[in-house]
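Peer 1: Below is a structure I'd like to ask you about.
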Amino acid sequence: MTPKHPYLGLVLFLAICFAAAGIGGAVTTPKIATWYATLAKPTWNPPNWIFGPVWSALYFGMAVAAWLVWRQAGFTGAKFPWILFGTQLVLNVLWSCIFFGLENPGLAFVEVVLLWTTIAATMILFWLRSSVAGILFLPYLAWVSFASVLNFTIWRLN
């Protein structure tokens, strides 16, 4: 399927993904210099400045992956992948709300396991429709794997 205006779809997916980023950032940013700064963290904790650029690249990759699947299958031809894509995006925002908003690393760890599972499932289903879309989800899965270990470690240290 080739949509009539394919690049409008890309703009739509970028807007959706970066809206999720904005919501997560609005919850996270105020807590970085306050609550998060007081937590015990492992020596391998990345510097705070790295999270913004990494997450921006990951949201961009998510949007492009979604756009590639949409161009190939549309919305009706990939219903379950779209449900998973939306679910992982909601879980992504929810993690920020739990970890930073509620200041609850333990509950956030439980949630990030669900997020990781949903990302992996979305990646597989996207891959079946577009190998490039699946590959674009690999860095996201890798980063959330790292973030899960970091989340668990911070929870245990505090």
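In the structure tokens, chains take letters A, B, ... by order of appearance, with residues numbered from 1 within each chain and ligands from 1 in the order shown.
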Using only C-alpha atoms, determine which residues lie at most 9 Å from A:Ala120, disregarding the query and same-chain residues fewer than 4 positions distant; provide the list as a PyMOL selection string.
Peer 2: chain A and resi 115-116+124-125+137-138+141
Peer 1: Would you output that residue set with N, CA and C atoms, as a compact mmCIF listing (two decimals), in the first residue's frame?
Peer 2:
# COMPACT_ATOMS: atom_id res chain seq x y z
N LEU A 115 6.98 -3.05 29.61
CA LEU A 115 7.39 -2.21 28.48
C LEU A 115 8.35 -2.96 27.58
N TRP A 116 9.37 -3.59 28.16
CA TRP A 116 10.36 -4.32 27.38
C TRP A 116 9.69 -5.41 26.56
N ILE A 124 9.17 -7.44 16.65
CA ILE A 124 9.00 -8.66 15.86
C ILE A 124 7.90 -8.48 14.82
N LEU A 125 6.77 -7.96 15.23
CA LEU A 125 5.67 -7.78 14.28
C LEU A 125 5.98 -6.72 13.22
N PHE A 137 13.86 -0.71 15.69
CA PHE A 137 13.45 -0.95 17.08
C PHE A 137 14.57 -1.58 17.92
N LEU A 138 15.60 -2.10 17.29
CA LEU A 138 16.69 -2.74 18.04
C LEU A 138 17.38 -1.80 19.03
N LEU A 141 15.07 -1.32 22.00
CA LEU A 141 15.05 -2.50 22.88
C LEU A 141 16.34 -2.59 23.69
Peer 1: If we count only C-alpha atoms and set the cut-off at 10 Å, which residues sit around stretch 143-156 of chain A, ignoring sequence neighbours fewer than 2 positions away in its own chain? Please answer as a PyMOL selection string.
Peer 2: chain A and resi 36+39-42+44-46+54-55+58+92+99+104-113+115-116+119+138-141+158
Peer 1: Skip A:Phe18 itself and residues of its chain fewer than 5 positions away, then list as a list in words all residues within 10 Å of it, counting only C-alpha atoms.
Peer 2: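 Selected residues are Leu12, Phe13, Ile23, Gly24, Gly25, Trp55, Ser56, Tyr59, Phe60, Met62 and Ala63 of chain A.
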Peer 1: Excluding A:Pro81 and residues on its chain fewer than 6 positions from it, collect all residues at most 9 Å away from it, counting only C-alpha atoms, and give them as a list in words.
Peer 2: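 Contacts, in chain order: Val69, Ala121, Thr122, Met123, Leu125 and Phe126 of chain A.
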Peer 1: Residues within 12 Å of stretch 26-33 of chain A, please, as a list in words. Count only C-alpha atoms; anything in the same chain fewer than 3 positions from it doesn't count.
Peer 2: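 The contact residues come out as Phe18, Ala19, Ala20, Ala21, Gly22, Ile23, Tyr36, Ala37, Thr38, Leu39, Pro47, Asn48, Trp49, Phe51, Gly52, Val93, Leu94, Trp95, Ser96, Cys97, Ile98, Phe99, Phe100, Gly101, Leu102 and Glu103 of chain A.
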Peer 1: Assign secondary structure with DSSP using the backbone only, and return the residues of stretch 28-118 of chain A in alpha helix (DSSP H) as an MDAnalysis selection string.
Peer 2: chainID A and resid 28:31 37:38 51:73 79:96 105:118
Peer 1: Here is a test: counting only C-alpha atoms, which residue of A:His5, A:Ala57, A:Thr118, A:Gly134 is nearest to A:Phe80?
Peer 2: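 Result for the nearest residue to A:Phe80: A:Thr118.
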Peer 1: Calculate how many Å separate atom CA of A:Leu68 from atom CA of A:Ile135, rounding to one decimal.
Peer 2: 11.4 Å
Peer 1: Looking at A:Ala15, A:Leu114, A:Ala65, A:Val132, which one is nearest to A:Trp82, with distances taken over only C-alpha atoms?
Peer 2: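 Among the listed residues, A:Ala65 lies closest to A:Trp82.
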